[in-house]
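See below for the structure under consideration.
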Amino acid sequence: MPLLTRWFIRTSFVYLGIGLAIGILLAAQSLWSSMLPLAVFFSGYIHLLTVGWLTLLIFGVAYWMFPKYSQVQPRGNDALNWAAFILLNLGLVMRLVGEPLDILRRNAFWGWLLVFSALLQWLGGMAFILNLWKRVRMK
Amino acid sequence: MPRLSVWFIRASLLYLTIGFTFGALMLANEGFAIDLHIDHLLPAHMEFLLPGWIMQLALGVAYWILPRYVKGLPRGNEAMAWLSLIFLNTGILLVTINTFFPLAWFVVLGRVFEAVSILAFLLVSLRRVRPSR
């Protein structure tokens, strides 16, 4: 299993763990009158599971298992693949921090953080798709 | 990778591209309210990323990688599998039209297409879920 796949898969399981923990807190919120506005984490919770866990896990396995691109570059442009991994993670973490804070204390800084988070995740996704597209072909 | 899997997986990557783009627009709009109408993309964002990206990718990879039949066609009735691809994508597009034009019946029809697509896929591939030889 290539190194980047291990990073994708291990990171995805970290997000799954955090996502499940937040899920427990969100579910338990109805049991006590908490002063913590946990609902601000709801969107982050969904994206921890769908982007952080599912998408990163799929990317990791696809990077490993899909047909090779060429003898020289079996998995496409690896600099671009690593960039995708870093951009997706950076963007997702920025969202997880920025979104609740933007709801609770709305100001331009948190607003810009969300804009950058959106941009980084989008760039990360596109970089990975660009590489993977060439590997989706008949043998 | 068989031709049908190429179509399933490439379609899933196209939906991922559009779904990610809609998501990025909505998140940026959360930071700075650029246009309130951007929030209306949410149902299309979810449709493109769940049935469009994840479900379609799963079907494409399953069709490629599940153990093949020993007798007859190795991956079963190919026409039926193609029908599954066509019905799934028709369903996704019908459901998504409702995001831009309020046509509630299209959502119902779209979901029926999606269900028929999965049924067709199961008929072709379910018996391939067995121990490898």
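Ordering of the structure tokens sets the chain letters (A, B, ...); residue numbers start at 1 within each chain; ligands are numbered from 1 in the order shown.
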
Proximity check segment 66-131 of chain B to segment 27-51 of chain B, 7 Å, nearest pairs one decimal Å, only C-alpha atoms, as a Markdown table:
```
| residue | atom | partner | partner_atom | distance |
| --- | --- | --- | --- | --- |
| B:Ile92 | CA | B:Glu47 | CA | 6.7 |
| B:Thr96 | CA | B:Ala44 | CA | 5.3 |
| B:Thr99 | CA | B:Ala44 | CA | 6.1 |
```

Taking only residues of chain B that have an atom at most 12 Å from an atom of chain A, what is each one's shortest atom pair and its distance in Å to one decimal, using only C-alpha atoms, in chain and number order, as a Markdown table?
```
| residue | atom | partner | partner_atom | distance |
| --- | --- | --- | --- | --- |
| B:Met1 | CA | A:Met138 | CA | 4.8 |
| B:Pro2 | CA | A:Met138 | CA | 5.8 |
| B:Arg3 | CA | A:Met138 | CA | 6.2 |
| B:Leu4 | CA | A:Met138 | CA | 9.4 |
| B:Ser5 | CA | A:Val136 | CA | 8.5 |
| B:Val6 | CA | A:Arg137 | CA | 5.7 |
| B:Trp7 | CA | A:Val136 | CA | 8.8 |
| B:Phe8 | CA | A:Val136 | CA | 9.9 |
| B:Ile9 | CA | A:Val136 | CA | 7.1 |
| B:Arg10 | CA | A:Trp133 | CA | 6.9 |
| B:Ala11 | CA | A:Trp133 | CA | 10.3 |
| B:Ser12 | CA | A:Ile129 | CA | 10.3 |
| B:Leu13 | CA | A:Ile129 | CA | 6.6 |
| B:Leu14 | CA | A:Ile129 | CA | 8.7 |
| B:Tyr15 | CA | A:Ile129 | CA | 10.8 |
| B:Leu16 | CA | A:Gly125 | CA | 8.2 |
| B:Thr17 | CA | A:Met126 | CA | 6.8 |
| B:Ile18 | CA | A:Trp122 | CA | 10.1 |
| B:Gly19 | CA | A:Trp122 | CA | 9.9 |
| B:Phe20 | CA | A:Trp122 | CA | 6.1 |
| B:Thr21 | CA | A:Trp122 | CA | 6.5 |
| B:Phe22 | CA | A:Trp122 | CA | 9.6 |
| B:Gly23 | CA | A:Ala118 | CA | 7.7 |
| B:Ala24 | CA | A:Ala118 | CA | 4.5 |
| B:Leu25 | CA | A:Ala118 | CA | 7.3 |
| B:Met26 | CA | A:Ala118 | CA | 8.4 |
| B:Leu27 | CA | A:Ala118 | CA | 5.8 |
| B:Ala28 | CA | A:Val115 | CA | 4.2 |
| B:Asn29 | CA | A:Val115 | CA | 7.6 |
| B:Glu30 | CA | A:Leu114 | CA | 7.2 |
| B:Gly31 | CA | A:Gly111 | CA | 3.6 |
| B:Phe32 | CA | A:Gly111 | CA | 5.8 |
| B:Ala33 | CA | A:Gly111 | CA | 9.2 |
| B:Ile34 | CA | A:Val115 | CA | 10.9 |
| B:Met46 | CA | A:Thr50 | CA | 10.5 |
| B:Leu49 | CA | A:Thr50 | CA | 9.0 |
| B:Leu50 | CA | A:Thr50 | CA | 9.0 |
| B:Trp53 | CA | A:Thr55 | CA | 9.6 |
| B:Ile54 | CA | A:Thr55 | CA | 8.4 |
| B:Met55 | CA | A:Leu54 | CA | 11.6 |
| B:Leu57 | CA | A:Ile58 | CA | 9.3 |
| B:Ala58 | CA | A:Ile58 | CA | 9.7 |
| B:Gly60 | CA | A:Val136 | CA | 10.6 |
| B:Val61 | CA | A:Phe66 | CA | 9.5 |
| B:Trp64 | CA | A:Met138 | CA | 10.4 |
| B:Ile65 | CA | A:Met65 | CA | 10.5 |
```

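Near Gly124 of chain A, within 9 Å and counting only C-alpha atoms, sit Leu80, Asn81, Ala83, Ala84, Phe85, Ile86, Leu87, Leu88, Asn89, Gly91, Leu119, Leu120, Phe128 and Ile129 of chain A; same-chain residues fewer than 4 positions away were not included.
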
Pull the helix (DSSP H, G or I) assignments for segment 48-90 of chain A out of DSSP run on the backbone, and list those residues as a ChimeraX atom specification.
/A:48-65,78-90

Could you please take those selected residues and save N, CA and C atoms as a CSV table (one decimal), in the first residue's frame?
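Produced file selection_0.csv, reproduced below:
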```
chain,number,residue,atom,x,y,z
A,48,LEU,N,-17.4,16.1,8.5
A,48,LEU,CA,-16.4,15.2,9.0
A,48,LEU,C,-16.6,13.8,8.4
A,49,LEU,N,-17.9,13.4,8.4
A,49,LEU,CA,-18.2,12.1,8.0
A,49,LEU,C,-18.1,11.9,6.4
A,50,THR,N,-18.7,12.9,5.7
A,50,THR,CA,-18.8,12.7,4.3
A,50,THR,C,-17.5,13.1,3.5
A,51,VAL,N,-16.9,14.2,4.0
A,51,VAL,CA,-15.6,14.6,3.3
A,51,VAL,C,-14.4,14.0,4.0
A,52,GLY,N,-14.4,14.1,5.4
A,52,GLY,CA,-13.2,13.7,6.1
A,52,GLY,C,-13.1,12.2,6.1
A,53,TRP,N,-14.2,11.5,6.4
A,53,TRP,CA,-14.1,10.0,6.4
A,53,TRP,C,-14.3,9.4,5.0
A,54,LEU,N,-15.5,9.5,4.5
A,54,LEU,CA,-15.9,8.8,3.2
A,54,LEU,C,-15.0,9.2,2.0
A,55,THR,N,-14.9,10.5,1.8
A,55,THR,CA,-14.2,10.9,0.6
A,55,THR,C,-12.7,10.6,0.7
A,56,LEU,N,-12.1,10.9,1.9
A,56,LEU,CA,-10.7,10.7,2.0
A,56,LEU,C,-10.4,9.2,1.9
A,57,LEU,N,-11.3,8.3,2.5
A,57,LEU,CA,-11.1,6.9,2.4
A,57,LEU,C,-11.1,6.4,1.0
A,58,ILE,N,-12.1,6.9,0.2
A,58,ILE,CA,-12.3,6.5,-1.2
A,58,ILE,C,-11.0,7.0,-2.0
A,59,PHE,N,-10.6,8.2,-1.7
A,59,PHE,CA,-9.4,8.7,-2.5
A,59,PHE,C,-8.2,7.9,-2.2
A,60,GLY,N,-8.0,7.5,-0.9
A,60,GLY,CA,-6.9,6.7,-0.6
A,60,GLY,C,-6.9,5.3,-1.3
A,61,VAL,N,-8.1,4.7,-1.3
A,61,VAL,CA,-8.2,3.4,-1.9
A,61,VAL,C,-8.1,3.5,-3.4
A,62,ALA,N,-8.7,4.5,-4.0
A,62,ALA,CA,-8.7,4.7,-5.5
A,62,ALA,C,-7.2,5.0,-5.9
A,63,TYR,N,-6.5,5.8,-5.2
A,63,TYR,CA,-5.1,6.1,-5.5
A,63,TYR,C,-4.3,4.8,-5.5
A,64,TRP,N,-4.6,3.9,-4.7
A,64,TRP,CA,-3.9,2.6,-4.6
A,64,TRP,C,-4.3,1.6,-5.7
A,65,MET,N,-5.6,1.4,-5.9
A,65,MET,CA,-6.1,0.3,-6.6
A,65,MET,C,-6.5,0.6,-8.1
A,78,ASP,N,2.4,12.8,-8.7
A,78,ASP,CA,2.3,12.6,-7.3
A,78,ASP,C,2.4,13.9,-6.5
A,79,ALA,N,3.1,14.9,-7.1
A,79,ALA,CA,3.1,16.2,-6.4
A,79,ALA,C,1.6,16.7,-6.3
A,80,LEU,N,0.9,16.5,-7.3
A,80,LEU,CA,-0.5,17.0,-7.4
A,80,LEU,C,-1.4,16.2,-6.4
A,81,ASN,N,-1.1,14.8,-6.3
A,81,ASN,CA,-1.8,14.0,-5.4
A,81,ASN,C,-1.6,14.4,-3.9
A,82,TRP,N,-0.3,14.7,-3.6
A,82,TRP,CA,0.0,15.1,-2.2
A,82,TRP,C,-0.6,16.5,-2.0
A,83,ALA,N,-0.6,17.3,-3.0
A,83,ALA,CA,-1.2,18.7,-2.8
A,83,ALA,C,-2.7,18.5,-2.5
A,84,ALA,N,-3.3,17.6,-3.2
A,84,ALA,CA,-4.8,17.3,-3.0
A,84,ALA,C,-5.0,16.9,-1.5
A,85,PHE,N,-4.1,16.0,-1.0
A,85,PHE,CA,-4.3,15.5,0.4
A,85,PHE,C,-4.1,16.7,1.3
A,86,ILE,N,-3.1,17.5,1.1
A,86,ILE,CA,-2.8,18.6,2.1
A,86,ILE,C,-4.0,19.7,2.0
A,87,LEU,N,-4.3,20.0,0.8
A,87,LEU,CA,-5.4,21.1,0.6
A,87,LEU,C,-6.7,20.6,1.2
A,88,LEU,N,-7.1,19.4,0.9
A,88,LEU,CA,-8.4,18.9,1.5
A,88,LEU,C,-8.4,18.9,3.0
A,89,ASN,N,-7.3,18.5,3.6
A,89,ASN,CA,-7.2,18.4,5.1
A,89,ASN,C,-7.2,19.8,5.7
A,90,LEU,N,-6.4,20.7,5.1
A,90,LEU,CA,-6.3,22.1,5.5
A,90,LEU,C,-7.6,22.8,5.5
```

Between atom CA of Leu92 of chain A and atom CA of Asn89 of chain B, what is the distance in Å, rounded to a tenth?
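Atom CA of Asn89 of chain B lies 28.6 Å from atom CA of Leu92 of chain A.
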
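Atom pair atom CA of Asn77 of chain A / atom CA of Met1 of chain A: separated by 17.3 Å.
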
Please determine, counting only C-alpha atoms, which residue among B:Ala81, B:Val95, B:Ala104, B:Leu73 has the shortest atom-to-atom distance to Leu59 of chain B.
B:Ala81

Which residues, written as JSON, numbers by chain, have at least one atom at most 9 Å from Leu96 of chain A, with only C-alpha atoms counted and residues fewer than 5 positions away on the same chain left out?
{"A": [41, 43, 44, 45, 47, 48, 91]}

Selection to disk with N, CA and C atoms, as a compact mmCIF listing (two decimals), in the first residue's frame:
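Output saved as selection32.txt:
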```
# COMPACT_ATOMS: atom_id res chain seq x y z
N PHE A 41 -22.03 22.84 15.55
CA PHE A 41 -21.12 21.83 15.00
C PHE A 41 -21.81 20.88 14.02
N SER A 43 -23.16 21.10 10.94
CA SER A 43 -22.67 21.06 9.55
C SER A 43 -21.26 20.47 9.50
N GLY A 44 -20.44 20.84 10.48
CA GLY A 44 -19.08 20.28 10.56
C GLY A 44 -19.12 18.77 10.76
N TYR A 45 -20.06 18.33 11.59
CA TYR A 45 -20.23 16.89 11.86
C TYR A 45 -20.53 16.13 10.57
N HIS A 47 -19.86 17.05 7.54
CA HIS A 47 -18.72 17.09 6.61
C HIS A 47 -17.50 16.30 7.13
N LEU A 48 -17.42 16.15 8.45
CA LEU A 48 -16.39 15.24 8.99
C LEU A 48 -16.61 13.84 8.44
N GLY A 91 -8.26 22.59 4.30
CA GLY A 91 -9.57 23.22 4.08
C GLY A 91 -10.61 22.70 5.05
```

Point-to-point distance in Å for atom CA of Pro74 of chain A and atom CA of Pro2 of chain A:
11.3 Å

Tell me which of A:Phe8, A:Lys68, A:Pro37, A:Ile46 sits closest to Leu101 of chain A, counting only C-alpha atoms.
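Under the stated criterion, the closest residue is A:Pro37.
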
Gly76 of chain B environment, 7 Å, only C-alpha atoms, sequence neighbours closer than 2 positions dropped, as a list of chain:residue names
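Selected residues are B:Leu73, B:Pro74, B:Glu78, B:Val124, B:Ser125.
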